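The data block below is coords_12.cif; it holds mmCIF, C-alpha atoms.
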data_my_file
#
loop_
_atom_site.label_atom_id
_atom_site.label_comp_id
_atom_site.auth_asym_id
_atom_site.auth_seq_id
_atom_site.Cartn_x
_atom_site.Cartn_y
_atom_site.Cartn_z
CA MET C 7 -0.58 -14.29 -22.45
CA SER C 8 -1.92 -15.64 -19.22
CA ILE C 9 -1.42 -15.81 -15.51
CA ARG C 10 -0.16 -19.13 -14.18
CA LEU C 11 0.47 -20.20 -10.62
CA PHE C 12 2.30 -23.48 -10.44
CA ASP C 13 2.72 -25.45 -7.20
CA VAL C 14 2.84 -22.26 -5.15
CA GLU C 15 3.60 -22.62 -1.45
CA LYS C 16 3.36 -19.74 0.99
CA ALA C 17 3.51 -19.62 4.77
CA PHE C 18 3.44 -16.73 7.22
CA GLY C 19 5.40 -17.90 10.24
CA ASN C 20 4.05 -21.31 11.16
CA VAL C 21 0.80 -20.82 9.30
CA GLN C 22 0.76 -22.46 5.89
CA ILE C 23 -1.51 -20.41 3.62
CA LEU C 24 -0.98 -21.83 0.12
CA ARG C 25 -0.27 -25.53 -0.43
CA ARG C 26 0.91 -26.44 -3.90
CA LEU C 27 -1.61 -24.07 -5.46
CA THR C 28 -1.87 -24.45 -9.23
CA LEU C 29 -4.17 -22.22 -11.26
CA THR C 30 -4.16 -20.84 -14.80
CA ILE C 31 -6.07 -17.77 -15.96
CA HIS C 32 -6.28 -17.66 -19.75
CA ASP C 33 -6.09 -14.55 -21.85
CA GLY C 34 -9.34 -12.55 -21.95
CA GLU C 35 -11.25 -14.52 -19.35
CA THR C 36 -12.57 -13.38 -16.00
CA VAL C 37 -11.96 -15.85 -13.21
CA SER C 38 -13.46 -15.48 -9.76
CA ILE C 39 -11.66 -17.02 -6.82
CA ILE C 40 -13.99 -17.88 -3.98
CA GLY C 41 -13.32 -19.44 -0.60
CA GLY C 42 -13.67 -18.86 3.10
CA SER C 43 -11.78 -16.20 5.04
CA GLY C 44 -8.15 -17.17 5.47
CA SER C 45 -8.21 -19.67 2.63
CA GLY C 46 -5.44 -17.75 0.82
CA LYS C 47 -7.37 -15.88 -1.88
CA SER C 48 -5.77 -12.45 -1.34
CA THR C 49 -2.38 -14.10 -0.81
CA ALA C 50 -2.72 -15.81 -4.21
CA LEU C 51 -3.70 -12.50 -5.83
CA LYS C 52 -0.72 -10.67 -4.34
CA HIS C 53 1.61 -13.30 -5.82
CA MET C 54 0.30 -12.45 -9.29
CA VAL C 55 1.64 -8.92 -9.09
CA GLY C 56 4.80 -9.68 -7.15
CA LEU C 57 3.66 -8.11 -3.87
CA LEU C 58 4.44 -11.47 -2.29
CA ARG C 59 6.99 -14.02 -3.38
CA PRO C 60 6.28 -17.73 -3.08
CA ASP C 61 8.27 -19.88 -0.68
CA ASP C 62 8.21 -22.51 -3.40
CA GLY C 63 6.65 -22.87 -6.83
CA GLU C 64 6.38 -20.37 -9.66
CA VAL C 65 4.14 -17.55 -10.79
CA TYR C 66 4.07 -16.56 -14.46
CA VAL C 67 2.45 -13.46 -15.91
CA ASP C 68 2.90 -12.90 -19.65
CA GLU C 69 5.28 -15.89 -19.58
CA GLN C 70 7.55 -14.02 -17.17
CA ASN C 71 8.44 -15.63 -13.88
CA VAL C 72 7.28 -12.91 -11.47
CA SER C 73 9.31 -14.10 -8.50
CA ARG C 74 12.56 -13.98 -10.50
CA LEU C 75 12.13 -10.56 -12.10
CA ASP C 76 14.46 -7.76 -11.10
CA GLN C 77 12.85 -4.60 -9.75
CA GLU C 78 12.81 -2.69 -13.05
CA SER C 79 11.25 -5.60 -14.98
CA LEU C 80 8.72 -6.08 -12.21
CA TYR C 81 7.67 -2.41 -12.41
CA GLU C 82 7.43 -2.77 -16.20
CA LEU C 83 5.14 -5.77 -15.72
CA ARG C 84 3.03 -3.94 -13.13
CA ARG C 85 2.28 -1.20 -15.65
CA ASN C 86 0.15 -3.85 -17.39
CA VAL C 87 -1.68 -4.85 -14.24
CA GLY C 88 -4.43 -2.92 -12.46
CA TYR C 89 -5.10 -3.82 -8.85
CA VAL C 90 -8.34 -2.92 -7.07
CA PHE C 91 -7.78 -3.10 -3.33
CA GLN C 92 -10.36 -4.31 -0.85
CA PHE C 93 -10.51 -0.96 0.96
CA ALA C 94 -9.50 1.10 -2.09
CA ALA C 95 -6.06 2.01 -0.61
CA LEU C 96 -6.35 5.59 -1.80
CA PHE C 97 -3.62 8.00 -0.71
CA ASP C 98 -5.18 10.07 2.09
CA SER C 99 -3.30 13.29 1.45
CA MET C 100 -4.02 13.41 -2.28
CA THR C 101 -7.12 14.48 -4.13
CA ILE C 102 -9.11 11.91 -6.10
CA ALA C 103 -7.69 13.27 -9.37
CA GLN C 104 -4.14 12.95 -8.03
CA ASN C 105 -4.89 9.41 -6.85
CA VAL C 106 -6.29 8.33 -10.20
CA GLY C 107 -3.43 10.00 -12.07
CA MET C 108 -0.65 8.41 -9.97
CA GLY C 109 -0.03 5.48 -12.32
CA LEU C 110 -0.26 7.71 -15.38
CA LYS C 111 2.58 9.90 -14.13
CA ARG C 112 4.88 6.89 -14.50
CA MET C 113 4.07 6.66 -18.20
CA PRO C 114 6.66 8.66 -20.15
CA ASP C 115 4.39 9.47 -23.11
CA MET C 116 1.61 11.09 -21.06
CA SER C 117 1.48 14.90 -20.94
CA ASP C 118 -0.24 16.69 -18.05
CA GLU C 119 -3.23 17.50 -20.30
CA ALA C 120 -3.49 13.87 -21.40
CA ILE C 121 -3.38 12.76 -17.75
CA ASP C 122 -6.15 15.20 -16.82
CA GLU C 123 -8.28 13.94 -19.70
CA ARG C 124 -7.72 10.29 -18.82
CA VAL C 125 -8.48 10.96 -15.14
CA ALA C 126 -11.77 12.69 -16.07
CA GLU C 127 -12.64 9.82 -18.43
CA CYS C 128 -11.97 7.15 -15.80
CA LEU C 129 -13.93 9.02 -13.13
CA ARG C 130 -16.84 9.36 -15.59
CA MET C 131 -16.71 5.60 -16.19
CA VAL C 132 -17.24 4.92 -12.50
CA ASP C 133 -19.82 7.69 -12.17
CA LEU C 134 -17.59 9.90 -10.02
CA ASP C 135 -17.26 12.96 -12.24
CA GLY C 136 -17.03 16.15 -10.20
CA THR C 137 -15.06 14.54 -7.37
CA GLU C 138 -11.65 15.40 -8.82
CA GLU C 139 -10.72 17.91 -6.13
CA LYS C 140 -12.14 15.99 -3.18
CA LEU C 141 -10.05 14.09 -0.68
CA PRO C 142 -10.71 10.37 -0.09
CA ALA C 143 -12.05 11.16 3.40
CA GLN C 144 -14.82 13.25 1.81
CA LEU C 145 -16.18 10.26 -0.14
CA SER C 146 -18.39 7.40 1.02
CA GLY C 147 -17.06 3.84 1.19
CA GLY C 148 -18.65 2.93 -2.14
CA GLN C 149 -17.32 6.06 -3.83
CA ARG C 150 -13.83 5.36 -2.50
CA LYS C 151 -14.00 1.86 -3.92
CA ARG C 152 -15.05 3.22 -7.30
CA ALA C 153 -12.21 5.77 -7.16
CA GLY C 154 -9.82 2.86 -6.49
CA PHE C 155 -11.33 1.14 -9.51
CA ALA C 156 -10.77 4.26 -11.63
CA ARG C 157 -7.14 4.40 -10.50
CA ALA C 158 -6.62 0.76 -11.47
CA ILE C 159 -8.09 1.13 -14.98
CA ALA C 160 -6.45 4.50 -15.71
CA THR C 161 -3.32 2.95 -17.21
CA ARG C 162 -5.47 0.69 -19.43
CA PRO C 163 -3.92 -2.51 -18.12
CA LYS C 164 -4.07 -5.91 -19.79
CA TYR C 165 -4.79 -7.60 -16.48
CA MET C 166 -7.12 -6.52 -13.71
CA LEU C 167 -6.91 -8.00 -10.23
CA TYR C 168 -9.88 -7.26 -7.99
CA ASP C 169 -9.64 -7.94 -4.26
CA GLU C 170 -13.23 -8.15 -3.02
CA PRO C 171 -14.44 -5.29 -5.21
CA THR C 172 -18.05 -5.43 -3.99
CA THR C 173 -17.67 -6.31 -0.30
CA GLY C 174 -19.56 -3.85 1.89
CA LEU C 175 -21.32 -2.15 -1.01
CA ASP C 176 -25.06 -1.70 -1.44
CA PRO C 177 -26.75 -3.85 -4.13
CA VAL C 178 -26.97 -1.01 -6.64
CA THR C 179 -23.28 -0.07 -6.36
CA THR C 180 -22.43 -3.79 -6.47
CA ALA C 181 -24.31 -4.08 -9.77
CA VAL C 182 -22.46 -1.02 -11.12
CA ILE C 183 -19.08 -2.53 -10.20
CA ASP C 184 -20.09 -5.90 -11.65
CA GLU C 185 -21.09 -4.22 -14.88
CA LEU C 186 -17.75 -2.41 -15.01
CA ILE C 187 -15.88 -5.69 -14.57
CA VAL C 188 -17.90 -7.29 -17.38
CA ARG C 189 -17.31 -4.23 -19.60
CA MET C 190 -13.57 -4.37 -18.94
CA SER C 191 -13.59 -7.94 -20.18
CA ASP C 192 -16.07 -7.64 -23.07
CA GLU C 193 -15.11 -4.26 -24.50
CA LEU C 194 -11.42 -4.01 -23.69
CA GLY C 195 -10.52 -7.72 -23.60
CA VAL C 196 -8.97 -7.35 -20.16
CA THR C 197 -8.07 -10.54 -18.31
CA GLY C 198 -9.57 -10.38 -14.82
CA VAL C 199 -9.09 -12.18 -11.53
CA VAL C 200 -11.74 -11.41 -8.92
CA ILE C 201 -11.56 -12.36 -5.27
CA THR C 202 -15.08 -12.41 -3.93
CA HIS C 203 -17.43 -13.80 -1.30
CA ASP C 204 -20.43 -12.55 -3.19
CA MET C 205 -21.77 -15.57 -5.08
CA LYS C 206 -24.33 -13.53 -6.99
CA SER C 207 -21.53 -11.32 -8.31
CA ALA C 208 -19.32 -14.31 -9.06
CA PHE C 209 -22.03 -15.97 -11.18
CA ARG C 210 -22.75 -12.68 -12.95
CA ILE C 211 -19.21 -11.72 -13.95
CA SER C 212 -17.20 -14.94 -14.25
CA ASP C 213 -16.22 -17.08 -17.18
CA ARG C 214 -14.76 -19.49 -14.65
CA ILE C 215 -14.91 -19.86 -10.89
CA ALA C 216 -12.23 -21.45 -8.74
CA MET C 217 -12.74 -22.32 -5.10
CA LEU C 218 -9.81 -22.26 -2.73
CA TYR C 219 -9.92 -24.43 0.31
CA ASP C 220 -7.08 -25.04 2.72
CA GLY C 221 -4.61 -23.37 0.36
CA ARG C 222 -5.49 -25.55 -2.64
CA ILE C 223 -7.96 -25.42 -5.51
CA ARG C 224 -10.98 -27.44 -4.50
CA PHE C 225 -13.07 -26.62 -7.56
CA ASP C 226 -12.30 -25.05 -10.93
CA GLY C 227 -15.00 -24.75 -13.59
CA THR C 228 -17.64 -22.65 -15.27
CA PRO C 229 -20.49 -21.08 -13.29
CA ASP C 230 -22.83 -23.81 -14.65
CA GLN C 231 -20.43 -26.54 -13.53
CA LEU C 232 -20.29 -24.89 -10.11
CA ARG C 233 -24.08 -24.90 -9.86
CA ALA C 234 -24.09 -28.64 -10.68
CA CYS C 235 -21.14 -29.49 -8.42
CA GLU C 236 -21.88 -32.31 -5.96
CA ASP C 237 -18.88 -31.75 -3.66
CA PRO C 238 -20.50 -31.00 -0.27
CA LEU C 239 -17.72 -28.56 0.63
CA VAL C 240 -18.28 -26.56 -2.54
CA ARG C 241 -22.07 -26.77 -2.32
CA GLY C 242 -21.97 -25.81 1.35
CA PHE C 243 -19.95 -22.70 0.58
CA VAL C 244 -21.93 -21.66 -2.49
CA GLU C 245 -25.29 -22.18 -0.83
CA GLY C 246 -24.17 -20.85 2.56
CA ARG C 247 -24.89 -24.16 4.33
CA PRO C 248 -22.23 -24.80 6.98
CA GLU C 249 -23.75 -28.19 7.88
CA LEU C 250 -22.74 -29.53 4.44
CA MET C 251 -19.17 -28.30 4.92
CA GLU C 252 -18.99 -29.79 8.42
CA GLN C 253 -19.72 -33.24 6.98
CA VAL C 254 -16.41 -33.10 5.10
CA GLN C 255 -14.40 -31.26 7.74
CA MET F 7 0.11 3.32 5.06
CA ARG F 8 1.14 -0.33 5.37
CA VAL F 9 -2.02 -1.55 7.10
CA THR F 10 -4.28 0.36 4.71
CA GLU F 11 -2.41 -1.20 1.77
CA GLN F 12 -1.31 2.21 0.47
CA ILE F 13 2.29 0.96 0.22
CA ASP F 14 1.11 -2.06 -1.78
CA ALA F 15 -0.90 0.32 -3.97
CA LEU F 16 2.23 2.38 -4.64
CA GLU F 17 4.07 -0.76 -5.68
CA THR F 18 1.30 -1.86 -8.03
CA LEU F 19 1.47 1.60 -9.62
CA ALA F 20 5.17 0.93 -10.32
CA TYR F 21 6.53 3.29 -7.67
CA ASP F 22 9.46 2.27 -5.49
CA PRO F 23 8.03 2.94 -2.01
CA VAL F 24 11.47 3.37 -0.47
CA ALA F 25 12.42 6.05 -2.99
CA TYR F 26 8.98 7.65 -2.85
CA LEU F 27 8.26 7.53 0.90
CA VAL F 28 11.43 6.88 2.88
CA VAL F 29 14.17 8.86 1.12
CA PRO F 30 12.38 12.27 1.20
CA ARG F 31 11.53 11.80 4.89
CA VAL F 32 15.07 10.87 5.85
CA ILE F 33 16.53 13.78 3.85
CA ALA F 34 13.99 16.14 5.43
CA GLY F 35 14.90 14.84 8.91
CA VAL F 36 18.64 15.23 8.37
CA ILE F 37 18.22 18.78 7.04
CA MET F 38 15.44 20.08 9.26
CA PHE F 39 16.54 18.78 12.68
CA PRO F 40 19.67 21.03 12.64
CA VAL F 41 17.53 23.94 11.38
CA VAL F 42 15.14 23.47 14.29
CA VAL F 43 18.06 23.17 16.74
CA ILE F 44 19.64 26.39 15.41
CA LEU F 45 16.25 28.09 15.70
CA ALA F 46 15.91 26.79 19.27
CA ASP F 47 19.44 28.03 20.08
CA ALA F 48 18.58 31.47 18.68
CA LEU F 49 15.32 31.60 20.63
CA GLY F 50 17.16 30.53 23.78
CA ILE F 51 19.65 33.38 23.37
CA ALA F 52 16.85 35.86 22.62
CA ALA F 53 14.91 34.67 25.69
CA GLY F 54 18.08 34.99 27.78
CA LEU F 55 18.60 38.53 26.51
CA GLY F 56 14.98 39.46 27.28
CA THR F 57 15.17 37.97 30.77
CA ALA F 58 18.51 39.67 31.48
CA ILE F 59 17.15 43.07 30.47
CA VAL F 60 13.74 42.80 32.15
CA ARG F 61 14.49 40.78 35.30
CA LEU F 62 18.21 41.30 36.01
CA ASP F 63 18.50 44.97 35.14
CA MET F 64 21.29 44.18 32.72
CA SER F 65 21.95 46.12 29.51
CA SER F 66 21.97 44.36 26.17
CA PHE F 67 25.62 45.40 25.76
CA GLU F 68 26.54 43.60 28.99
CA PHE F 69 24.57 40.51 27.98
CA LEU F 70 26.20 40.32 24.54
CA LYS F 71 29.63 40.87 26.07
CA GLY F 72 29.04 37.92 28.41
CA LEU F 73 27.63 35.86 25.55
CA ARG F 74 30.76 36.45 23.45
CA LEU F 75 32.95 35.61 26.43
CA PHE F 76 31.54 32.10 26.73
CA PHE F 77 30.65 31.48 23.07
CA VAL F 78 32.54 28.64 21.41
CA PRO F 79 31.77 28.28 17.66
CA TRP F 80 32.44 24.56 17.83
CA ASP F 81 29.40 24.19 20.08
CA VAL F 82 27.19 25.25 17.16
CA TRP F 83 28.79 22.71 14.84
CA PHE F 84 28.53 20.11 17.56
CA SER F 85 24.78 20.68 17.91
CA VAL F 86 24.32 20.64 14.13
CA ILE F 87 26.17 17.34 13.72
CA LYS F 88 24.38 15.79 16.68
CA SER F 89 20.93 16.91 15.58
CA ALA F 90 21.52 15.74 11.99
CA THR F 91 22.25 12.23 13.27
CA PHE F 92 19.20 12.44 15.54
CA GLY F 93 17.11 13.41 12.51
CA LEU F 94 18.51 10.47 10.60
CA THR F 95 17.69 8.16 13.52
CA VAL F 96 14.14 9.36 14.12
CA THR F 97 13.12 9.24 10.46
CA SER F 98 14.84 6.01 9.47
CA VAL F 99 13.70 4.10 12.58
CA GLY F 100 10.15 5.43 12.14
CA CYS F 101 10.10 4.48 8.48
CA PHE F 102 11.60 1.04 9.13
CA PHE F 103 9.01 0.14 11.76
CA GLY F 104 6.23 1.73 9.71
CA PHE F 105 7.19 -0.36 6.72
CA HIS F 106 7.10 -3.58 8.69
CA THR F 107 3.98 -3.00 10.74
CA SER F 108 1.00 -5.33 10.65
CA GLY F 109 -2.11 -6.15 12.64
CA GLY F 110 -4.39 -3.18 11.97
CA ALA F 111 -4.81 -0.23 14.34
CA GLU F 112 -3.56 -2.22 17.34
CA GLY F 113 -0.44 -3.23 15.41
CA VAL F 114 0.20 0.38 14.42
CA GLY F 115 0.01 1.45 18.09
CA ARG F 116 2.41 -1.30 19.12
CA THR F 117 4.82 -0.49 16.30
CA THR F 118 4.74 3.23 17.10
CA THR F 119 5.69 2.53 20.72
CA ARG F 120 8.50 0.24 19.57
CA ALA F 121 9.78 2.87 17.12
CA VAL F 122 9.79 5.58 19.83
CA VAL F 123 11.59 3.30 22.31
CA VAL F 124 14.21 2.18 19.78
CA SER F 125 14.92 5.69 18.47
CA THR F 126 15.14 7.03 22.04
CA MET F 127 17.69 4.36 22.92
CA ILE F 128 19.71 5.06 19.78
CA ILE F 129 19.60 8.82 20.47
CA LEU F 130 20.89 8.26 24.03
CA ALA F 131 23.70 6.10 22.67
CA LEU F 132 24.49 8.64 19.93
CA ASP F 133 24.50 11.47 22.47
CA ALA F 134 27.11 9.65 24.52
CA PHE F 135 29.05 8.71 21.39
CA TRP F 136 29.25 12.29 20.05
CA ALA F 137 30.14 13.64 23.49
CA ALA F 138 32.96 11.11 23.78
CA THR F 139 34.28 11.66 20.26
CA LEU F 140 33.68 15.37 19.51
CA LEU F 141 34.07 17.00 22.92
CA ARG F 142 37.40 15.54 23.89
#
Spit out the file's structure as structure tokens when you get a sec.
Amino acid sequence: MSIRLFDVEKAFGNVQILRRLTLTIHDGETVSIIGGSGSGKSTALKHMVGLLRPDDGEVYVDEQNVSRLDQESLYELRRNVGYVFQFAALFDSMTIAQNVGMGLKRMPDMSDEAIDERVAECLRMVDLDGTEEKLPAQLSGGQRKRAGFARAIATRPKYMLYDEPTTGLDPVTTAVIDELIVRMSDELGVTGVVITHDMKSAFRISDRIAMLYDGRIRFDGTPDQLRACEDPLVRGFVEGRPELMEQVQ
Amino acid sequence: MRVTEQIDALETLAYDPVAYLVVPRVIAGVIMFPVVVILADALGIAAGLGTAIVRLDMSSFEFLKGLRLFFVPWDVWFSVIKSATFGLTVTSVGCFFGFHTSGGAEGVGRTTTRAVVVSTMIILALDAFWAATLLR
């Protein structure tokens, strides 16, 4: 069980985003993907759940070629994948409880009582109990993000994909989200892929960190290997020193 | 919903966004446009009756006699058929452009304008088409 991207190419119009991107995420590990804006991180993540299809190359999840799955098989696969969106992507017209329960309604063995229980449990996990009947507009940005997190974990997926889960959050909420990601991995054995710009978070939660640059993997290793990396492009990004990156560019 | 990734979220939750978002809207448009047109027709007749009685010193009997004289049942069917196709156009064009929008708030504004222009053009063409085919 793993997620594998092999030689993935993706362009939007004339802009080439991914160039022969190859990356493997092993079962049970949490991998952070870092890189500058526009380097293709979110694009890579969307390929893993079939929201985008590669122009060339292959994407495997659970040994299934995502880009070749028919719609029914793709939905079946997505039931095992939780996706935390950058801006939560909650449904405006639904309450928080309805949002969190959306994925559960697609599960045939879940009764309404079981859904209510699971929703309450997930909201408790992200410290949002009591918000069941509120609308997304009534929550703060951080609360919305946590509600999005609750929605993603509600179906107890095997894989969790996080698109900038801590961007724009205060340090305390960031730490709470980080802890949740670590708990998902440690306690439930969930395989996680985290897109982030937050290096502190990346070091805290990752088993491995991969850096995307110009649509390719520039670095792939453990947090300790990243700290010791001599590549000026990688060091420049990690340490926030553009002058190092300019040397290479 | 596209620019806020709500459609992507639906897909990741294993919902078919076309079945979940588009189909109910199109069905609602096809059913409700004729209902609204029939309601507007009824209100028009009621307003005509009120005006005739109050302003033209006409009795309701005279008004209804005149109404029956010029009433053609086919006209009602014609308006129902026409409005159902208008409902289909407005909802399906709106959903199509909504599904393919991009570029944040500015993109949504641009796409909305394009959807209004395209559906207006289609409605004009349909109007001419139905007049030419059903009113001969």
Run the PyMOL selection byres ((chain F) within 7 of (chain C)) on the file and write out the hits as an mmCIF file with C-alpha atoms, keeping the file's coordinate frame.
data_model
loop_
_atom_site.group_PDB
_atom_site.id
_atom_site.type_symbol
_atom_site.label_atom_id
_atom_site.label_comp_id
_atom_site.auth_asym_id
_atom_site.auth_seq_id
_atom_site.Cartn_x
_atom_site.Cartn_y
_atom_site.Cartn_z
ATOM 1 C CA THR F 10 -4.280 0.360 4.710
ATOM 2 C CA GLU F 11 -2.410 -1.200 1.770
ATOM 3 C CA GLN F 12 -1.310 2.210 0.470
ATOM 4 C CA ASP F 14 1.110 -2.060 -1.780
ATOM 5 C CA ALA F 15 -0.900 0.320 -3.970
ATOM 6 C CA THR F 18 1.300 -1.860 -8.030
ATOM 7 C CA LEU F 19 1.470 1.600 -9.620
ATOM 8 C CA ALA F 20 5.170 0.930 -10.320
#
Can you pull out the residues contacting stretch 41-57 of chain F? Cut-off 12 Å, using all atoms listed in the file, and skip same-chain residues under 2 positions away; I want them as a short mmCIF file (atom, residue, chain, number, x, y, z; two decimals) with C-alpha atoms, in the coordinates of the input.
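What follows is the written file around.cif:
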data_model
loop_
_atom_site.label_atom_id
_atom_site.label_comp_id
_atom_site.auth_asym_id
_atom_site.auth_seq_id
_atom_site.Cartn_x
_atom_site.Cartn_y
_atom_site.Cartn_z
CA ALA F 34 13.99 16.14 5.43
CA GLY F 35 14.90 14.84 8.91
CA VAL F 36 18.64 15.23 8.37
CA ILE F 37 18.22 18.78 7.04
CA MET F 38 15.44 20.08 9.26
CA PHE F 39 16.54 18.78 12.68
CA ILE F 59 17.15 43.07 30.47
CA VAL F 60 13.74 42.80 32.15
CA ARG F 61 14.49 40.78 35.30
CA LEU F 62 18.21 41.30 36.01
CA ASP F 63 18.50 44.97 35.14
CA MET F 64 21.29 44.18 32.72
CA SER F 65 21.95 46.12 29.51
CA SER F 66 21.97 44.36 26.17
CA PHE F 67 25.62 45.40 25.76
CA GLU F 68 26.54 43.60 28.99
CA PHE F 69 24.57 40.51 27.98
CA LEU F 70 26.20 40.32 24.54
CA LYS F 71 29.63 40.87 26.07
CA GLY F 72 29.04 37.92 28.41
CA LEU F 73 27.63 35.86 25.55
CA ARG F 74 30.76 36.45 23.45
CA PHE F 77 30.65 31.48 23.07
CA ASP F 81 29.40 24.19 20.08
CA VAL F 82 27.19 25.25 17.16
CA TRP F 83 28.79 22.71 14.84
CA PHE F 84 28.53 20.11 17.56
CA SER F 85 24.78 20.68 17.91
CA VAL F 86 24.32 20.64 14.13
CA ILE F 87 26.17 17.34 13.72
CA LYS F 88 24.38 15.79 16.68
CA SER F 89 20.93 16.91 15.58
CA ALA F 90 21.52 15.74 11.99
CA PHE F 92 19.20 12.44 15.54
CA GLY F 93 17.11 13.41 12.51
#
Coordinates-based distance that separates atom CA of C:His32 from atom CA of C:Ile9 (Å, one decimal) =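 Result for atom CA of C:Ile9 versus atom CA of C:His32: 6.7 Å, one decimal.
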Surrounding residues of C:Pro60 excluding itself and chain neighbours under 4 positions, 12 Å, only C-alpha atoms, as a PyMOL selection string | chain C and resi 11-18+22-27+49-56+64-66+71-74
Straight-line distance linking atom CA of C:Val67 with atom CA of C:Ser8, stated in Å to one decimal |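 Computed distance, atom CA of C:Val67 to atom CA of C:Ser8, equals 5.9 Å.
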Choose the residue, out of C:Thr101, C:Asp76, C:Gly195, C:Ala160, that has the smallest atom-to-atom separation from C:Met116; count all atoms listed in the file.
-> C:Ala160
So that I can check the surroundings of stretch 118-128 of chain F, please list as an mmCIF file with C-alpha atoms, keeping the file's coordinate frame every protein, DNA and RNA residue that reaches within 12 Å of it, counting all atoms listed in the file and ignoring chain neighbours fewer than 6 positions away.
data_model
loop_
_atom_site.group_PDB
_atom_site.id
_atom_site.type_symbol
_atom_site.label_atom_id
_atom_site.label_comp_id
_atom_site.auth_asym_id
_atom_site.auth_seq_id
_atom_site.Cartn_x
_atom_site.Cartn_y
_atom_site.Cartn_z
ATOM 1 C CA THR F 91 22.250 12.230 13.270
ATOM 2 C CA PHE F 92 19.200 12.440 15.540
ATOM 3 C CA GLY F 93 17.110 13.410 12.510
ATOM 4 C CA LEU F 94 18.510 10.470 10.600
ATOM 5 C CA THR F 95 17.690 8.160 13.520
ATOM 6 C CA VAL F 96 14.140 9.360 14.120
ATOM 7 C CA THR F 97 13.120 9.240 10.460
ATOM 8 C CA SER F 98 14.840 6.010 9.470
ATOM 9 C CA VAL F 99 13.700 4.100 12.580
ATOM 10 C CA GLY F 100 10.150 5.430 12.140
ATOM 11 C CA CYS F 101 10.100 4.480 8.480
ATOM 12 C CA PHE F 102 11.600 1.040 9.130
ATOM 13 C CA PHE F 103 9.010 0.140 11.760
ATOM 14 C CA GLY F 104 6.230 1.730 9.710
ATOM 15 C CA PHE F 105 7.190 -0.360 6.720
ATOM 16 C CA HIS F 106 7.100 -3.580 8.690
ATOM 17 C CA THR F 107 3.980 -3.000 10.740
ATOM 18 C CA SER F 108 1.000 -5.330 10.650
ATOM 19 C CA ALA F 111 -4.810 -0.230 14.340
ATOM 20 C CA GLU F 112 -3.560 -2.220 17.340
ATOM 21 C CA ALA F 134 27.110 9.650 24.520
ATOM 22 C CA PHE F 135 29.050 8.710 21.390
ATOM 23 C CA TRP F 136 29.250 12.290 20.050
#
Can you pull out every residue within 12 Å of stretch 187-194 of chain C, counting only C-alpha atoms, but drop anything in the same chain fewer than 5 positions away, and send it as a ChimeraX atom specification?
-> /C:33-38,88,90,131-132,152,155-156,158-160,162-168,171-172,180-182,199-200,207-213
Using the chain letters and numbers from the file, which residues does the PyMOL selection byres ((chain C and resi 233) around 12) grab, as a PyMOL selection string?
-> chain C and resi 205-206+208-209+214-215+225-232+234-238+240-245
Which value, in Å to one decimal, gives the distance between atom CA of C:Val125 and atom CA of C:Gly107?
->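 Separation of atom CA of C:Val125 and atom CA of C:Gly107: 6.0 Å.
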Residues at most 8 Å from C:Ala103, counting all atoms listed in the file, excluding those fewer than 4 positions away in the same chain, as an MDAnalysis selection string?
-> chainID C and resid 107 122 125:126 137:139
